[in-house]
Amino acid sequence: MNDLKRIAGDIGAPASVFEVGFMGNLRLSVAVGDYDRTRPLVDGEVQIDGVEAVCLRLSPEEIFFRAFRTQDFDICELSMSSTVVKIANGDCPYVPIPVFPSRAFRHTSIYINTSKNIGRPEDLRGKRIGLGEYQLTANVWARALFEDEYGVKPSEIEWVRGGIEELGRIEKISVALPPDIRITPAPADKTLSQMLADGEIDALIGPRMPSSFNGDGRVSWLFEDPTAAAEDYFRRTGVFPIMHIVGIRRELVDANPWLPASVQKAFEASKAACMRKLSDTSATKVTLPFVEEQLQRARKLLGADFWSYGVEANRKVLETFLDHHYRQGLSSRRVSVDELFHPSTLAAAKI
C-alpha cells in the first residue's frame, strides 16, 4: 500500500486513487444530501460494485462549496450549473454521470413583497430581485421560466446578490456575464430575506424558503397557486427541471474507467429501492398526510418513472437547461448533452 501511495504522489494523483478496502474494493467517500432516493445507498442496503463507500450526509451547499474549492469528496452530488460552467471552461475536477438527486419545479421558489403591485411574472420588468448566487441552478431555471413563458429577459431586471439568511455569501464559481446584466451587491449588514420583507428588494429567488415568508403578509409567492402553475408548465413543455447531478473525481475515473457505470448502477438501484418502499401503502412511509394520493397524482402527470435517471429519458430537459445556461452567459460555449456525461453511462445493458 505504501508503494502505491508513493506512485500516486509521483504522478500527482491523490492516494485515494489506489486505496483499497475490504476484498480489494476501492475505498471512496460519497457525499450526498439526505434523500429517500439515496438513503438505501448511504445506509448500505445498496452497494457500489468494486467500491467500499464511506458515506456522508451533508447539505448541498456544503457539498458544492467543498467539492469545487478543494475536491474533498471522491463521489458527490454537484450543482448542475456550476458543473456546466467548469466543463465549458475545461477545468471541471469531476466527471458527471446522469444521476439527478434533486429536481424541482421552481414556481415555488419565487417570492415577492406584497406591497410592490406584482401580480404576474411580467410585472417583474424593471424590478430588483434578490438571489444568493447568479449562477445557482434554481436561478437559471427561474430566469428560463421568465423568458420562455412570459417574455421577461434577464437584462430587464436588476439583480441583487447576497446571503439569503446569512451575511457574506459569495459566488462559488466565477462567471463572466454579458454587459447588459446588472448585478448589485446587497448591503454588507443586510440579508436578502430581511430586505424582501422591508421592501428594499421587490422579489427573491432561492431554493430555500426565506424566513420572512412567515405568514405576516409582507412576503408571498409570485404564483398564487405555484403547484397548479408548475403542473400546467409540465403539460405544455414536458420539462421537469434537474437541479443536481452526481460527479466522480476525474483522476479516479482516469485510473478506473469502470467506475462511472458502477456508480450509476448503484444510484439507480437505490432509487428503485426507494420507489418500492414509497409504493407500499400498507403503512405511510412519509410523515405527511395524503402522500399516497400525491404519488398517484405525480404518476398520472409525469409518468411511472417520474424521477428518471439516464440521458435519453432526460434529453429534452438537459437540452433546455444547456441552451439557457449558454444564452444567460454562464457557460463560455454551448455544452452538448453527450459531452456532459461519461461515455459509459450514456447507455445501459439490458437482459
# chains A, B, ... in the order shown; residues from 1 in each chain; ligands from 1
>>> residues_around(residues="segment 141-155 of chain A", least_positions_apart="6", cutoff="12 Å", atoms="only C-alpha atoms", output="PyMOL selection string")
chain A and resi 80-81+103-111+120-129+131+134-135+177-183+204-207+222+229-230+232-234+236-237+239-243+317-318+320-329
>>> closest_residue(among="A:Ser308, A:Ala228, A:Val84, A:Gly132", to="Ala272 of chain A", atoms="only C-alpha atoms")
A:Ser308
>>> select_by_dssp(residues="segment 108-341 of chain A", states="strand (DSSP E)", output="PyMOL selection string")
chain A and resi 110-113+128-131+158-161+182-185+203-205+219-221+244-249
>>> write_last_selection(atoms="C-alpha atoms", output="PDB file, in the first residue's frame")
ATOM      1  CA  ILE A 110     -40.078  32.911  -6.391  1.00  0.00           C
ATOM      2  CA  TYR A 111     -41.195  35.273  -3.615  1.00  0.00           C
ATOM      3  CA  ILE A 112     -42.473  38.842  -3.795  1.00  0.00           C
ATOM      4  CA  ASN A 113     -43.053  41.774  -1.481  1.00  0.00           C
ATOM      5  CA  ARG A 128     -34.953  44.465  -8.065  1.00  0.00           C
ATOM      6  CA  ILE A 129     -34.742  40.722  -7.463  1.00  0.00           C
ATOM      7  CA  GLY A 130     -32.512  39.184  -4.826  1.00  0.00           C
ATOM      8  CA  LEU A 131     -30.622  35.930  -5.239  1.00  0.00           C
ATOM      9  CA  GLU A 158     -31.734  44.454 -11.584  1.00  0.00           C
ATOM     10  CA  TRP A 159     -30.277  41.517  -9.660  1.00  0.00           C
ATOM     11  CA  VAL A 160     -29.242  41.965  -6.037  1.00  0.00           C
ATOM     12  CA  ARG A 161     -26.798  39.331  -4.831  1.00  0.00           C
ATOM     13  CA  ARG A 182     -26.918  44.354 -13.859  1.00  0.00           C
ATOM     14  CA  ILE A 183     -25.879  42.848 -10.530  1.00  0.00           C
ATOM     15  CA  THR A 184     -25.748  44.915  -7.352  1.00  0.00           C
ATOM     16  CA  PRO A 185     -24.296  43.575  -4.092  1.00  0.00           C
ATOM     17  CA  ALA A 203     -38.720  39.837  -5.175  1.00  0.00           C
ATOM     18  CA  LEU A 204     -36.393  36.988  -4.281  1.00  0.00           C
ATOM     19  CA  ILE A 205     -35.493  33.698  -5.962  1.00  0.00           C
ATOM     20  CA  VAL A 219     -43.999  38.289   1.627  1.00  0.00           C
ATOM     21  CA  SER A 220     -45.859  35.891  -0.639  1.00  0.00           C
ATOM     22  CA  TRP A 221     -45.321  33.597  -3.615  1.00  0.00           C
ATOM     23  CA  HIS A 244     -28.221  18.441  -9.135  1.00  0.00           C
ATOM     24  CA  ILE A 245     -26.149  15.700 -10.723  1.00  0.00           C
ATOM     25  CA  VAL A 246     -23.527  13.281  -9.405  1.00  0.00           C
ATOM     26  CA  GLY A 247     -19.823  13.538 -10.185  1.00  0.00           C
ATOM     27  CA  ILE A 248     -16.726  11.381  -9.673  1.00  0.00           C
ATOM     28  CA  ARG A 249     -13.259  12.881  -9.281  1.00  0.00           C
TER      29      ARG A 249
END
>>> residues_around(residues="segment 278-288 of chain A", least_positions_apart="5", cutoff="12 Å", atoms="only C-alpha atoms", output="number ranges by chain")
A: 35-37, 271-273, 293-296, 299, 304
>>> residues_around(residues="segment 335-346 of chain A", least_positions_apart="6", cutoff="9 Å", atoms="only C-alpha atoms", output="PyMOL selection string")
chain A and resi 83-84+87-88+95-98+257-258+260-261+264+310-312+315+318-319+322-323+326
>>> atom_distance(atom1="atom CA of Phe306 of chain A", atom2="atom CA of Lys265 of chain A")
17.9 Å
>>> closest_residue(among="A:Arg333, A:Arg169, A:Arg235, A:Arg39", to="Phe65 of chain A", atoms="only C-alpha atoms")
A:Arg169
>>> closest_residue(among="A:Val253, A:Asn117, A:Ala269, A:Cys76", to="Gly199 of chain A", atoms="only C-alpha atoms")
A:Asn117
>>> closest_residue(among="A:Asp74, A:Val51, A:Tyr309, A:Thr191", to="Phe267 of chain A", atoms="only C-alpha atoms")
A:Tyr309
>>> closest_residue(among="A:Asn256, A:Asp43, A:Phe213, A:Ile63", to="Asn25 of chain A", atoms="only C-alpha atoms")
A:Asn256
>>> closest_residue(among="A:Ile164, A:Gly215, A:Glu251, A:Lys172", to="Gln194 of chain A", atoms="only C-alpha atoms")
A:Ile164
